[in-house]
>>> print(open('my_file.tsv').read())   # TSV, C-alpha atoms
chain	number	residue	atom	x	y	z
A	1	MET	CA	73.26	84.22	179.93
A	2	ASN	CA	71.78	85.96	176.90
A	3	ASP	CA	73.33	83.87	174.14
A	4	GLY	CA	74.06	80.17	174.59
A	5	MET	CA	75.50	79.98	171.08
A	6	THR	CA	78.34	82.35	171.97
A	7	LEU	CA	79.36	80.04	174.82
A	8	TRP	CA	79.09	76.98	172.57
A	9	ARG	CA	81.33	78.51	169.88
A	10	GLU	CA	83.91	79.54	172.45
A	11	ARG	CA	84.09	76.03	173.86
A	12	VAL	CA	84.23	74.32	170.47
A	13	ASN	CA	87.01	76.66	169.33
A	14	ALA	CA	88.95	76.11	172.56
A	15	TYR	CA	88.65	72.34	172.20
A	16	TRP	CA	89.80	72.27	168.57
A	17	ASN	CA	92.70	74.63	169.25
A	18	MET	CA	93.89	72.16	171.87
A	19	ALA	CA	93.11	69.08	169.74
A	20	ILE	CA	94.96	70.44	166.68
A	21	ARG	CA	98.11	70.94	168.76
A	22	TYR	CA	98.04	67.30	169.85
A	23	LEU	CA	97.19	66.09	166.33
A	24	ARG	CA	100.26	67.92	165.03
A	25	LEU	CA	102.42	66.16	167.62
A	26	ILE	CA	100.92	62.81	166.59
A	27	GLY	CA	101.58	63.61	162.93
A	28	ASN	CA	105.21	64.52	163.67
A	29	SER	CA	105.83	61.42	165.79
A	30	GLY	CA	106.45	59.05	162.88
A	31	PHE	CA	103.27	57.14	163.70
A	32	LEU	CA	101.59	58.22	160.46
A	33	PHE	CA	104.38	56.61	158.46
A	34	THR	CA	103.64	53.33	160.21
A	35	VAL	CA	99.94	53.74	159.43
A	36	TYR	CA	100.65	54.48	155.75
A	37	VAL	CA	102.76	51.33	155.38
A	38	LEU	CA	100.12	49.21	157.11
A	39	ILE	CA	97.41	50.67	154.83
A	40	ILE	CA	99.47	49.79	151.74
A	41	ILE	CA	100.04	46.25	152.98
A	42	GLY	CA	96.42	45.88	154.11
A	43	SER	CA	94.96	47.15	150.82
A	44	TYR	CA	96.81	44.44	148.88
A	45	TYR	CA	95.80	41.61	151.19
A	46	TYR	CA	92.26	42.99	151.41
A	47	SER	CA	91.77	42.15	147.73
A	48	VAL	CA	93.34	38.73	148.29
A	49	PHE	CA	90.98	38.19	151.22
A	50	LEU	CA	87.94	39.11	149.10
A	51	ASP	CA	88.98	36.60	146.42
A	52	TRP	CA	89.35	33.95	149.10
A	53	LEU	CA	85.85	34.48	150.58
A	54	PRO	CA	83.22	31.96	149.39
A	55	GLU	CA	80.14	33.08	147.48
A	56	SER	CA	77.97	32.08	150.44
A	57	PHE	CA	79.76	34.50	152.78
A	58	PRO	CA	77.10	36.25	154.97
A	59	ALA	CA	78.13	39.80	154.07
A	60	VAL	CA	74.70	41.15	155.00
A	61	TRP	CA	75.18	40.25	158.66
A	62	VAL	CA	78.66	41.80	158.69
A	63	PHE	CA	77.19	45.10	157.54
A	64	VAL	CA	74.26	44.78	159.94
A	65	ALA	CA	76.59	44.19	162.91
A	66	VAL	CA	78.95	47.04	162.01
A	67	PHE	CA	76.44	49.73	161.13
A	68	ALA	CA	73.83	48.85	163.76
A	69	HIS	CA	76.62	49.33	166.31
A	70	LEU	CA	77.70	52.65	164.78
A	71	LEU	CA	74.13	53.92	164.71
A	72	THR	CA	73.26	52.87	168.25
A	73	ARG	CA	76.37	54.36	169.87
A	74	SER	CA	75.41	57.99	169.44
A	75	GLY	CA	76.89	60.01	172.27
A	76	VAL	CA	76.49	63.78	172.14
A	77	ARG	CA	79.50	66.10	172.62
A	78	THR	CA	78.06	68.84	174.82
A	79	PHE	CA	81.39	70.44	175.91
A	80	VAL	CA	79.96	70.93	179.40
A	81	LYS	CA	82.39	71.38	182.31
A	82	PRO	CA	82.23	70.40	186.00
A	83	ALA	CA	81.57	73.99	187.08
A	84	ASP	CA	78.47	74.17	184.84
A	85	VAL	CA	76.44	72.27	187.42
A	86	VAL	CA	76.67	75.42	189.53
A	87	PHE	CA	76.94	78.31	187.07
A	88	LEU	CA	74.78	77.17	184.14
A	89	LEU	CA	72.02	75.40	186.04
A	90	PRO	CA	70.00	78.63	186.52
A	91	TYR	CA	70.20	79.28	182.77
A	92	GLU	CA	69.11	75.81	181.65
A	93	SER	CA	65.96	77.16	180.00
A	94	LYS	CA	68.07	79.48	177.81
A	95	LEU	CA	70.45	76.77	176.56
A	96	GLY	CA	68.20	75.23	173.90
A	97	ALA	CA	70.33	76.52	171.02
A	98	TYR	CA	73.50	75.39	172.84
A	99	PHE	CA	72.38	71.76	173.09
A	100	GLN	CA	70.79	71.82	169.64
A	101	SER	CA	74.17	72.81	168.16
A	102	SER	CA	75.83	70.00	170.12
A	103	LYS	CA	73.46	67.48	168.56
A	104	TRP	CA	74.14	68.68	164.99
A	105	TYR	CA	77.87	68.79	165.70
A	106	SER	CA	77.75	65.15	166.90
A	107	ILE	CA	75.72	64.11	163.85
A	108	GLY	CA	78.34	65.67	161.56
A	109	LEU	CA	81.31	63.96	163.21
A	110	GLN	CA	79.65	60.57	163.55
A	111	SER	CA	78.39	60.71	159.96
A	112	GLY	CA	82.03	61.17	158.94
A	113	VAL	CA	82.88	57.95	160.77
A	114	ILE	CA	80.06	56.15	158.97
A	115	LEU	CA	81.36	57.47	155.64
A	116	LEU	CA	84.89	56.28	156.43
A	117	VAL	CA	83.74	52.79	157.44
A	118	LEU	CA	81.50	52.55	154.38
A	119	VAL	CA	84.44	53.47	152.12
A	120	VAL	CA	86.61	50.81	153.77
A	121	LEU	CA	83.89	48.19	153.30
A	122	SER	CA	82.92	49.34	149.79
A	123	PRO	CA	84.83	46.51	148.01
A	124	LEU	CA	82.90	43.98	150.10
A	125	PHE	CA	79.69	45.88	149.34
A	126	SER	CA	80.36	45.87	145.59
A	127	GLU	CA	81.18	42.16	145.63
A	128	TYR	CA	78.19	40.88	147.62
A	129	LEU	CA	75.47	43.52	148.09
A	130	ALA	CA	75.50	46.06	145.25
A	131	ALA	CA	73.31	43.96	142.96
A	132	ASP	CA	70.46	43.87	145.54
A	133	VAL	CA	70.95	47.12	147.44
A	134	GLY	CA	71.87	49.52	144.65
A	135	SER	CA	73.65	52.84	145.05
A	136	LEU	CA	76.26	53.19	147.80
A	137	PHE	CA	75.52	56.92	147.98
A	138	LEU	CA	71.83	56.22	148.71
A	139	VAL	CA	72.88	53.82	151.47
A	140	LEU	CA	75.06	56.56	152.98
A	141	VAL	CA	72.19	59.08	152.93
A	142	LEU	CA	69.78	56.62	154.57
A	143	LEU	CA	72.35	55.78	157.27
A	144	ILE	CA	72.97	59.46	158.04
A	145	VAL	CA	69.23	60.08	158.45
A	146	ALA	CA	69.08	57.15	160.90
A	147	LYS	CA	72.14	58.50	162.70
A	148	GLY	CA	70.37	61.85	163.16
A	149	TRP	CA	67.43	60.13	164.86
A	150	ASN	CA	69.76	58.16	167.13
A	151	VAL	CA	71.68	61.26	168.24
A	152	PHE	CA	68.54	63.23	169.03
A	153	ALA	CA	67.00	60.26	170.88
A	154	SER	CA	70.24	59.51	172.72
A	155	PHE	CA	70.40	63.05	174.11
A	156	GLU	CA	66.88	62.80	175.55
A	157	GLU	CA	67.78	59.45	177.16
A	158	GLN	CA	70.42	61.23	179.23
A	159	ARG	CA	67.59	62.85	181.20
A	160	PHE	CA	66.92	59.58	183.05
A	161	GLN	CA	68.42	59.38	186.52
A	162	SER	CA	68.65	55.58	186.51
A	163	GLU	CA	71.38	53.82	184.57
A	164	SER	CA	69.03	50.87	183.98
A	165	ASP	CA	66.54	53.18	182.26
A	166	ARG	CA	69.25	54.57	179.99
A	167	ARG	CA	70.46	51.06	179.20
A	168	SER	CA	66.97	49.76	178.37
A	169	HIS	CA	66.40	52.65	175.94
A	170	PHE	CA	69.83	52.03	174.42
A	171	LEU	CA	68.80	48.41	173.78
A	172	LEU	CA	65.48	49.59	172.31
A	173	ARG	CA	67.31	51.76	169.79
A	174	GLY	CA	69.69	48.88	169.11
A	175	GLY	CA	66.80	46.60	168.16
A	176	ILE	CA	65.34	49.24	165.82
A	177	ASN	CA	68.75	49.81	164.23
A	178	ILE	CA	69.30	46.10	163.66
A	179	ALA	CA	65.94	45.87	161.89
A	180	PHE	CA	66.69	49.00	159.87
A	181	THR	CA	70.17	47.92	158.75
A	182	TYR	CA	68.97	44.42	157.90
A	183	LEU	CA	66.26	45.82	155.64
A	184	LEU	CA	68.74	48.27	154.12
A	185	PHE	CA	71.52	45.78	153.32
A	186	SER	CA	69.30	42.86	152.37
A	187	GLY	CA	67.82	44.88	149.52
A	188	ALA	CA	64.31	45.21	150.94
A	189	ASN	CA	61.74	47.40	149.24
A	190	LEU	CA	62.13	51.10	150.04
A	191	ILE	CA	58.61	51.12	151.48
A	192	TYR	CA	59.75	48.94	154.42
A	193	ILE	CA	62.69	51.28	155.12
A	194	LEU	CA	60.35	54.26	155.04
A	195	ALA	CA	58.09	52.42	157.47
A	196	VAL	CA	60.99	52.17	159.93
A	197	TYR	CA	61.58	55.91	159.51
A	198	VAL	CA	57.93	56.52	160.37
A	199	ILE	CA	58.34	54.45	163.55
A	200	MET	CA	61.49	56.43	164.45
A	201	ALA	CA	59.73	59.75	163.89
A	202	ALA	CA	56.68	58.66	165.90
A	203	LEU	CA	58.86	57.52	168.79
A	204	TYR	CA	60.72	60.81	168.86
A	205	TYR	CA	57.79	63.19	168.61
A	206	PHE	CA	55.33	61.29	170.82
A	207	TYR	CA	57.73	59.80	173.35
A	208	TYR	CA	61.19	61.42	173.45
A	209	GLN	CA	59.79	64.95	173.14
A	210	LYS	CA	57.51	64.14	176.03
A	211	LEU	CA	60.57	63.11	178.06
A	212	ALA	CA	62.20	66.46	177.27
A	213	LYS	CA	59.18	68.29	178.74
A	214	GLN	CA	58.82	66.10	181.82
A	215	LEU	CA	62.47	65.55	182.85
A	216	SER	CA	65.19	68.09	183.44
A	217	ILE	CA	68.78	67.79	182.22
A	218	LYS	CA	70.96	65.63	184.48
A	219	TRP	CA	74.05	67.82	184.59
A	220	ASP	CA	76.18	65.40	186.58
A	221	HIS	CA	75.61	62.66	184.01
A	222	LEU	CA	76.25	64.97	181.04
A	223	ILE	CA	79.52	66.09	182.63
A	224	GLU	CA	80.53	62.46	183.23
A	225	VAL	CA	79.81	61.54	179.60
A	226	GLU	CA	81.70	64.58	178.30
A	227	GLN	CA	84.70	63.84	180.52
A	228	GLY	CA	84.75	60.26	179.26
A	229	MET	CA	84.84	61.42	175.62
A	230	LEU	CA	87.57	63.93	176.40
A	231	LEU	CA	89.68	61.35	178.24
A	232	PHE	CA	89.37	58.99	175.27
A	233	PHE	CA	91.09	61.58	173.07
A	234	TYR	CA	93.68	62.32	175.75
A	235	ARG	CA	94.58	58.63	176.05
A	236	ILE	CA	95.23	58.46	172.30
A	237	ALA	CA	97.38	61.60	172.40
A	238	ASN	CA	99.18	60.35	175.51
A	239	ALA	CA	100.61	57.46	173.48
A	240	PHE	CA	102.70	60.02	171.57
A	241	THR	CA	103.30	62.91	173.96
A	242	ASP	CA	102.77	63.96	177.55
A	243	VAL	CA	99.19	65.08	178.26
A	244	PRO	CA	98.99	67.00	181.56
A	245	GLN	CA	95.17	66.98	181.52
A	246	LEU	CA	95.07	63.17	181.63
A	247	ARG	CA	94.16	61.96	185.06
A	248	ASN	CA	96.29	59.06	186.20
A	249	LYS	CA	94.10	56.06	186.88
A	250	VAL	CA	95.79	53.47	189.07
A	251	ARG	CA	94.63	49.86	189.21
A	252	PRO	CA	96.03	47.51	191.90
A	253	ARG	CA	96.64	44.48	189.65
A	254	ASN	CA	98.28	42.54	192.47
A	255	TYR	CA	98.05	39.40	190.38
A	256	LEU	CA	100.72	40.87	188.06
A	257	LYS	CA	103.32	41.67	190.71
A	258	GLY	CA	105.19	38.49	189.76
A	259	ILE	CA	106.24	39.96	186.40
A	260	LEU	CA	107.97	42.94	188.03
A	261	PRO	CA	111.42	41.26	188.22
A	262	VAL	CA	110.98	40.09	184.62
A	263	ILE	CA	110.56	43.54	183.10
A	264	THR	CA	113.06	45.48	185.25
A	265	ASP	CA	115.65	45.33	188.02
A	266	SER	CA	113.41	47.12	190.51
A	267	LYS	CA	116.07	47.31	193.23
A	268	LYS	CA	118.59	49.14	191.06
A	269	SER	CA	117.05	52.60	191.54
A	270	VAL	CA	113.79	54.25	192.49
A	271	TYR	CA	112.93	54.96	188.84
A	272	HIS	CA	113.43	51.33	187.85
A	273	TYR	CA	110.74	50.48	190.39
A	274	LEU	CA	108.43	53.40	189.63
A	275	PHE	CA	108.49	53.02	185.84
A	276	ALA	CA	107.79	49.29	186.05
A	277	LYS	CA	104.93	49.77	188.51
A	278	SER	CA	103.50	52.58	186.36
A	279	PHE	CA	103.63	50.37	183.27
A	280	ILE	CA	101.67	47.64	185.06
A	281	ARG	CA	99.19	49.74	187.04
A	282	ALA	CA	98.79	53.26	185.66
A	283	ASN	CA	96.69	54.59	182.77
A	284	ASP	CA	96.64	52.04	179.94
A	285	TYR	CA	100.34	51.40	179.24
A	286	LEU	CA	100.01	47.65	179.78
A	287	GLY	CA	96.74	47.44	177.87
A	288	ILE	CA	98.11	49.21	174.80
A	289	TYR	CA	101.25	47.07	174.87
A	290	VAL	CA	99.29	43.82	175.08
A	291	ARG	CA	96.89	44.89	172.32
A	292	LEU	CA	99.74	45.82	169.97
A	293	VAL	CA	101.46	42.48	170.61
A	294	ILE	CA	98.24	40.53	169.98
A	295	ILE	CA	97.29	42.50	166.85
A	296	SER	CA	100.77	42.10	165.38
A	297	ALA	CA	100.68	38.35	166.12
A	298	VAL	CA	97.32	37.99	164.35
A	299	ILE	CA	98.59	39.91	161.30
A	300	LEU	CA	101.77	37.80	161.17
A	301	LEU	CA	99.64	34.66	161.25
A	302	ALA	CA	97.45	35.96	158.42
A	303	LEU	CA	100.31	37.04	156.16
A	304	PRO	CA	102.03	34.51	153.88
A	305	SER	CA	105.55	33.49	154.86
A	306	GLY	CA	108.03	36.09	153.61
A	307	TRP	CA	109.90	39.33	154.18
A	308	LEU	CA	106.64	41.25	154.58
A	309	GLN	CA	106.24	39.63	157.99
A	310	LEU	CA	109.53	41.15	159.06
A	311	VAL	CA	108.37	44.61	157.93
A	312	VAL	CA	105.15	44.29	159.94
A	313	LEU	CA	107.09	43.12	162.99
A	314	LEU	CA	109.40	46.15	162.88
A	315	LEU	CA	106.47	48.53	162.35
A	316	PHE	CA	104.67	47.26	165.43
A	317	MET	CA	107.85	47.32	167.50
A	318	HIS	CA	108.21	50.95	166.43
A	319	MET	CA	104.65	51.65	167.62
A	320	VAL	CA	105.42	50.00	170.98
A	321	THR	CA	108.53	52.18	171.31
A	322	ASN	CA	106.39	55.29	170.71
A	323	GLN	CA	103.99	54.21	173.42
A	324	LEU	CA	106.68	53.37	175.98
A	325	SER	CA	108.48	56.69	175.51
A	326	THR	CA	105.63	58.54	177.28
A	327	ILE	CA	106.38	56.77	180.59
A	328	TRP	CA	109.30	59.20	180.97
A	329	TYR	CA	106.83	62.03	181.67
A	330	HIS	CA	104.54	60.07	183.97
A	331	TYR	CA	105.85	61.67	187.19
A	332	ASP	CA	106.66	65.13	185.85
A	333	THR	CA	103.63	66.66	187.58
A	334	ASN	CA	104.41	64.92	190.89
A	335	MET	CA	106.60	67.21	193.02
A	336	TRP	CA	107.45	64.48	195.55
A	337	VAL	CA	109.43	62.47	193.02
A	338	ASP	CA	111.81	65.40	192.63
A	339	LEU	CA	112.86	64.93	196.26
A	340	TYR	CA	114.50	61.57	195.50
A	341	PRO	CA	118.32	61.92	195.50
A	342	VAL	CA	118.79	60.30	192.07
A	343	ARG	CA	120.67	61.40	188.98
A	344	ASN	CA	118.95	61.95	185.63
A	345	ASP	CA	121.09	59.15	184.18
A	346	GLU	CA	119.36	56.68	186.49
A	347	LYS	CA	115.99	57.77	185.15
A	348	LYS	CA	117.25	57.32	181.59
A	349	ASP	CA	118.67	53.88	182.42
A	350	ALA	CA	115.35	52.83	183.97
A	351	LEU	CA	113.41	53.67	180.80
A	352	THR	CA	116.06	51.95	178.67
A	353	GLN	CA	115.96	48.73	180.67
A	354	LEU	CA	112.17	48.57	180.85
A	355	SER	CA	111.69	49.17	177.12
A	356	PHE	CA	114.53	46.79	176.19
A	357	ARG	CA	113.01	43.90	178.13
A	358	LEU	CA	109.48	44.58	176.89
A	359	LEU	CA	110.66	44.70	173.26
A	360	LEU	CA	112.54	41.42	173.79
A	361	ILE	CA	109.37	39.84	175.20
A	362	MET	CA	107.47	41.04	172.14
A	363	THR	CA	110.17	39.56	169.90
A	364	ALA	CA	109.93	36.23	171.73
A	365	VAL	CA	106.13	36.12	171.31
A	366	GLN	CA	106.32	36.88	167.59
A	367	LEU	CA	109.14	34.36	167.16
A	368	GLY	CA	106.90	31.68	168.62
A	369	VAL	CA	104.11	32.70	166.23
A	370	LEU	CA	106.41	32.55	163.20
A	371	LEU	CA	107.93	29.23	164.23
A	372	ALA	CA	104.42	27.78	164.13
A	373	SER	CA	103.30	29.46	160.90
A	374	SER	CA	106.33	30.44	158.81
A	375	SER	CA	109.68	29.16	157.61
A	376	LEU	CA	112.75	28.70	159.77
A	377	LEU	CA	114.54	31.32	157.68
A	378	ILE	CA	111.95	33.98	158.51
A	379	ALA	CA	111.90	32.89	162.16
A	380	GLY	CA	115.70	33.19	162.33
A	381	ALA	CA	115.57	36.63	160.70
A	382	THR	CA	112.90	37.64	163.23
A	383	LEU	CA	115.19	36.67	166.09
A	384	ILE	CA	118.06	38.74	164.68
A	385	LEU	CA	116.04	41.80	163.61
A	386	GLY	CA	113.87	41.75	166.73
A	387	GLY	CA	116.87	41.56	169.01
A	388	LEU	CA	118.68	44.29	167.07
A	389	TYR	CA	115.67	46.62	167.12
A	390	SER	CA	115.09	45.90	170.82
A	391	TYR	CA	118.58	47.20	171.58
A	392	VAL	CA	118.56	50.17	169.19
A	393	GLY	CA	114.96	51.11	169.99
A	394	SER	CA	115.49	51.07	173.77
A	395	HIS	CA	118.97	52.61	173.89
A	396	LYS	CA	118.70	55.17	171.07
A	397	LEU	CA	115.31	55.70	169.41
A	398	ILE	CA	113.17	55.95	172.53
A	399	HIS	CA	115.33	58.76	173.91
A	400	LYS	CA	115.22	60.66	170.62
A	401	LYS	CA	111.42	60.53	170.74
A	402	ARG	CA	111.56	61.65	174.36
A	403	LYS	CA	113.62	64.69	173.40
A	404	ASN	CA	111.21	65.51	170.60
>>> encode(input="my_file.tsv", output="C-alpha cells")
Amino acid sequence: MNDGMTLWRERVNAYWNMAIRYLRLIGNSGFLFTVYVLIIIGSYYYSVFLDWLPESFPAVWVFVAVFAHLLTRSGVRTFVKPADVVFLLPYESKLGAYFQSSKWYSIGLQSGVILLVLVVLSPLFSEYLAADVGSLFLVLVLLIVAKGWNVFASFEEQRFQSESDRRSHFLLRGGINIAFTYLLFSGANLIYILAVYVIMAALYYFYYQKLAKQLSIKWDHLIEVEQGMLLFFYRIANAFTDVPQLRNKVRPRNYLKGILPVITDSKKSVYHYLFAKSFIRANDYLGIYVRLVIISAVILLALPSGWLQLVVLLLFMHMVTNQLSTIWYHYDTNMWVDLYPVRNDEKKDALTQLSFRLLLIMTAVQLGVLLASSSLLIAGATLILGGLYSYVGSHKLIHKKRKN
C-alpha cells in the first residue's frame, strides 16, 4: 500500500455512485412532493407558533440541547470494509492520510447538518437570541470549529477496547459541549468562549494525541461503526425501493402475534402469512408505520380545525403507502420462497389486503384524534376520504409504485 489516498478516493466515489442512484429513486418516488407540501404548511404555522410563544420562553436551552447533541454525536465515516481487518492491518502505519481525509470529510458533512438546523431555527434565534448573541454567521463559524474538535476527538476515542471507556469519553465531550453552547447562545463574552477552545485544544494535544500514540486502531469496532452508518442510509432508501444490501433483521416480537389476524387473513395463502409476519418482525416496517401514524396524529392535533387537516392526513397516508410497497420485494433474494406452489396473483392480493387493513387502522386512529380535537364535519370527511384512499391506495397506487 503506497498511497492510502488513492484507496480513500476510490471508496468515496464508489459510495456516492451508489448513493446517488438511490437518491434518484427517492426523488422519483413522489416522496419529495409530500415533503414540499409539509414544508409549505409547516412554514406558515411556524410563524404562528413563534407569535404564540411567550416572551419568557427559554430559547437558550432549546439551542443548547439541539446543538450540544449535534456537536457531541460526531461519528467518522471511514469507509472501511470487513475484509480490511485482514488486508489493511499490515499497512496501518501508512494509512494516516486515509483516516485524516475521513475526519475532514465527516466535518464537512456534519457542518452541513449544523448549517441546515441553524437555518431552520433562525427565526427563533432572531426573535429571542440575536440581541444578545449577535451575528448568526459568527455563531455558525464557532459551531463548526467546535465540531472539528469533536470529530477529531471522537476518532481517537474509537481506539479504546472497552465500550464503557468510549461512553465515558463521549459524556466528557457532552459536558464540554453543553458548557460551550450555553456560553455561545447566552451571549457570554467572547473571552469565555475562547477559554473553552483553549481547553479543547489542550485536551486534544496533551491527551487525545497521547492516546493515538499508545493505542492501535480497533478495526473491528471501526468496521461495526461504518456498517451501522451504511445501514442507516440503506434503511431510508429501503422505504422507497428494494435495497439488496440491507440485511434483514428479525425480531421475535411474540407479544404482537395477536394482531396477526387483524392485519391479514393469514390462512388464505402463504404470502398473506409471510407479508404480515415480515411487517411485524422484519427490518423496521412496523416501526416506520407506527412513527408515521404518531407524527401525523400530533400534527393533526396541532393544526386548527379545517381542510388542512385532511390534506395532512392524505399526505401521511401516501407516505405509509410508499413504505408498505417495499414489502413486495422482501423475499426476492430468498430462493426457497420460489418453491411455494402459489400464483403471482396471490402475492399481489396479500400485499393489497395487508396495506388496505393497515391504512384503515391509520384512518381509525386519526378519526379518533379529530373527533377529540376538531369539528364533526372534518371528522366525517376524514372517515370518507380515509376510507376512499385506503381502498385506492391498497388496490391501485401501491402496485403502481411496485412496478416503478
>>> closest_residue(input="my_file.tsv", among="A:Leu136, A:Val76, A:Ile327, A:Leu385", to="Leu109 of chain A", atoms="all atoms listed in the file")
A:Val76
>>> closest_residue(input="my_file.tsv", among="A:Thr72, A:Gly187, A:Tyr192, A:Val85", to="Gly175 of chain A", atoms="all atoms listed in the file")
A:Thr72
>>> closest_residue(input="my_file.tsv", among="A:Ala97, A:Leu53, A:Lys81, A:Gly75", to="Tyr128 of chain A", atoms="all atoms listed in the file")
A:Leu53
>>> residues_near_point(input="my_file.tsv", point="(76.3, 43.1, 151.5)", cutoff="7 Å", atoms="all atoms listed in the file", output="PyMOL selection string")
chain A and resi 59-60+63+124-125+128-130+185
>>> atom_distance(input="my_file.tsv", atom1="atom CA of Lys213 of chain A", atom2="atom CA of Glu10 of chain A")
27.9 Å
>>> residues_around(input="my_file.tsv", residues="Gly387 of chain A", least_positions_apart="5", cutoff="12 Å", atoms="only C-alpha atoms", output="PDB file with C-alpha atoms, in the coordinates of the input")
ATOM      1  CA  LEU A 313     107.090  43.120 162.990  1.00  0.00           C
ATOM      2  CA  LEU A 314     109.400  46.150 162.880  1.00  0.00           C
ATOM      3  CA  MET A 317     107.850  47.320 167.500  1.00  0.00           C
ATOM      4  CA  PHE A 356     114.530  46.790 176.190  1.00  0.00           C
ATOM      5  CA  ARG A 357     113.010  43.900 178.130  1.00  0.00           C
ATOM      6  CA  LEU A 358     109.480  44.580 176.890  1.00  0.00           C
ATOM      7  CA  LEU A 359     110.660  44.700 173.260  1.00  0.00           C
ATOM      8  CA  LEU A 360     112.540  41.420 173.790  1.00  0.00           C
ATOM      9  CA  ILE A 361     109.370  39.840 175.200  1.00  0.00           C
ATOM     10  CA  MET A 362     107.470  41.040 172.140  1.00  0.00           C
ATOM     11  CA  THR A 363     110.170  39.560 169.900  1.00  0.00           C
ATOM     12  CA  ALA A 364     109.930  36.230 171.730  1.00  0.00           C
ATOM     13  CA  GLN A 366     106.320  36.880 167.590  1.00  0.00           C
ATOM     14  CA  LEU A 367     109.140  34.360 167.160  1.00  0.00           C
ATOM     15  CA  GLY A 380     115.700  33.190 162.330  1.00  0.00           C
ATOM     16  CA  ALA A 381     115.570  36.630 160.700  1.00  0.00           C
ATOM     17  CA  THR A 382     112.900  37.640 163.230  1.00  0.00           C
ATOM     18  CA  VAL A 392     118.560  50.170 169.190  1.00  0.00           C
ATOM     19  CA  GLY A 393     114.960  51.110 169.990  1.00  0.00           C
ATOM     20  CA  SER A 394     115.490  51.070 173.770  1.00  0.00           C
TER      21      SER A 394
END
>>> decode(input="my_file.tsv", residues="segment 290-326 of chain A", atoms="C-alpha atoms", output="PDB file, in the first residue's frame")
ATOM      1  CA  VAL A 290     -46.118   3.473  13.955  1.00  0.00           C
ATOM      2  CA  ARG A 291     -43.924   6.581  13.821  1.00  0.00           C
ATOM      3  CA  LEU A 292     -45.783   7.956  10.789  1.00  0.00           C
ATOM      4  CA  VAL A 293     -49.139   7.362  12.483  1.00  0.00           C
ATOM      5  CA  ILE A 294     -47.995   9.076  15.696  1.00  0.00           C
ATOM      6  CA  ILE A 295     -46.380  12.034  13.909  1.00  0.00           C
ATOM      7  CA  SER A 296     -49.464  12.592  11.758  1.00  0.00           C
ATOM      8  CA  ALA A 297     -51.690  12.425  14.854  1.00  0.00           C
ATOM      9  CA  VAL A 298     -49.562  15.044  16.635  1.00  0.00           C
ATOM     10  CA  ILE A 299     -49.664  17.356  13.601  1.00  0.00           C
ATOM     11  CA  LEU A 300     -53.439  16.948  13.285  1.00  0.00           C
ATOM     12  CA  LEU A 301     -53.805  17.867  16.951  1.00  0.00           C
ATOM     13  CA  ALA A 302     -51.633  20.961  16.496  1.00  0.00           C
ATOM     14  CA  LEU A 303     -53.394  22.222  13.367  1.00  0.00           C
ATOM     15  CA  PRO A 304     -56.573  24.306  13.651  1.00  0.00           C
ATOM     16  CA  SER A 305     -59.798  22.600  12.608  1.00  0.00           C
ATOM     17  CA  GLY A 306     -60.182  22.783   8.831  1.00  0.00           C
ATOM     18  CA  TRP A 307     -59.487  21.299   5.422  1.00  0.00           C
ATOM     19  CA  LEU A 308     -55.727  21.500   6.001  1.00  0.00           C
ATOM     20  CA  GLN A 309     -56.057  18.578   8.395  1.00  0.00           C
ATOM     21  CA  LEU A 310     -57.476  16.480   5.580  1.00  0.00           C
ATOM     22  CA  VAL A 311     -54.527  17.382   3.334  1.00  0.00           C
ATOM     23  CA  VAL A 312     -52.033  16.347   6.026  1.00  0.00           C
ATOM     24  CA  LEU A 313     -53.914  13.091   6.594  1.00  0.00           C
ATOM     25  CA  LEU A 314     -53.759  12.171   2.898  1.00  0.00           C
ATOM     26  CA  LEU A 315     -50.071  13.111   2.681  1.00  0.00           C
ATOM     27  CA  PHE A 316     -49.152  10.819   5.549  1.00  0.00           C
ATOM     28  CA  MET A 317     -51.301   8.002   4.177  1.00  0.00           C
ATOM     29  CA  HIS A 318     -49.389   8.429   0.920  1.00  0.00           C
ATOM     30  CA  MET A 319     -46.093   8.119   2.816  1.00  0.00           C
ATOM     31  CA  VAL A 320     -47.337   4.940   4.527  1.00  0.00           C
ATOM     32  CA  THR A 321     -48.293   3.510   1.119  1.00  0.00           C
ATOM     33  CA  ASN A 322     -44.747   4.204  -0.129  1.00  0.00           C
ATOM     34  CA  GLN A 323     -43.288   2.393   2.837  1.00  0.00           C
ATOM     35  CA  LEU A 324     -45.583  -0.638   2.578  1.00  0.00           C
ATOM     36  CA  SER A 325     -44.894  -1.115  -1.136  1.00  0.00           C
ATOM     37  CA  THR A 326     -41.342  -2.323  -0.373  1.00  0.00           C
TER      38      THR A 326
END
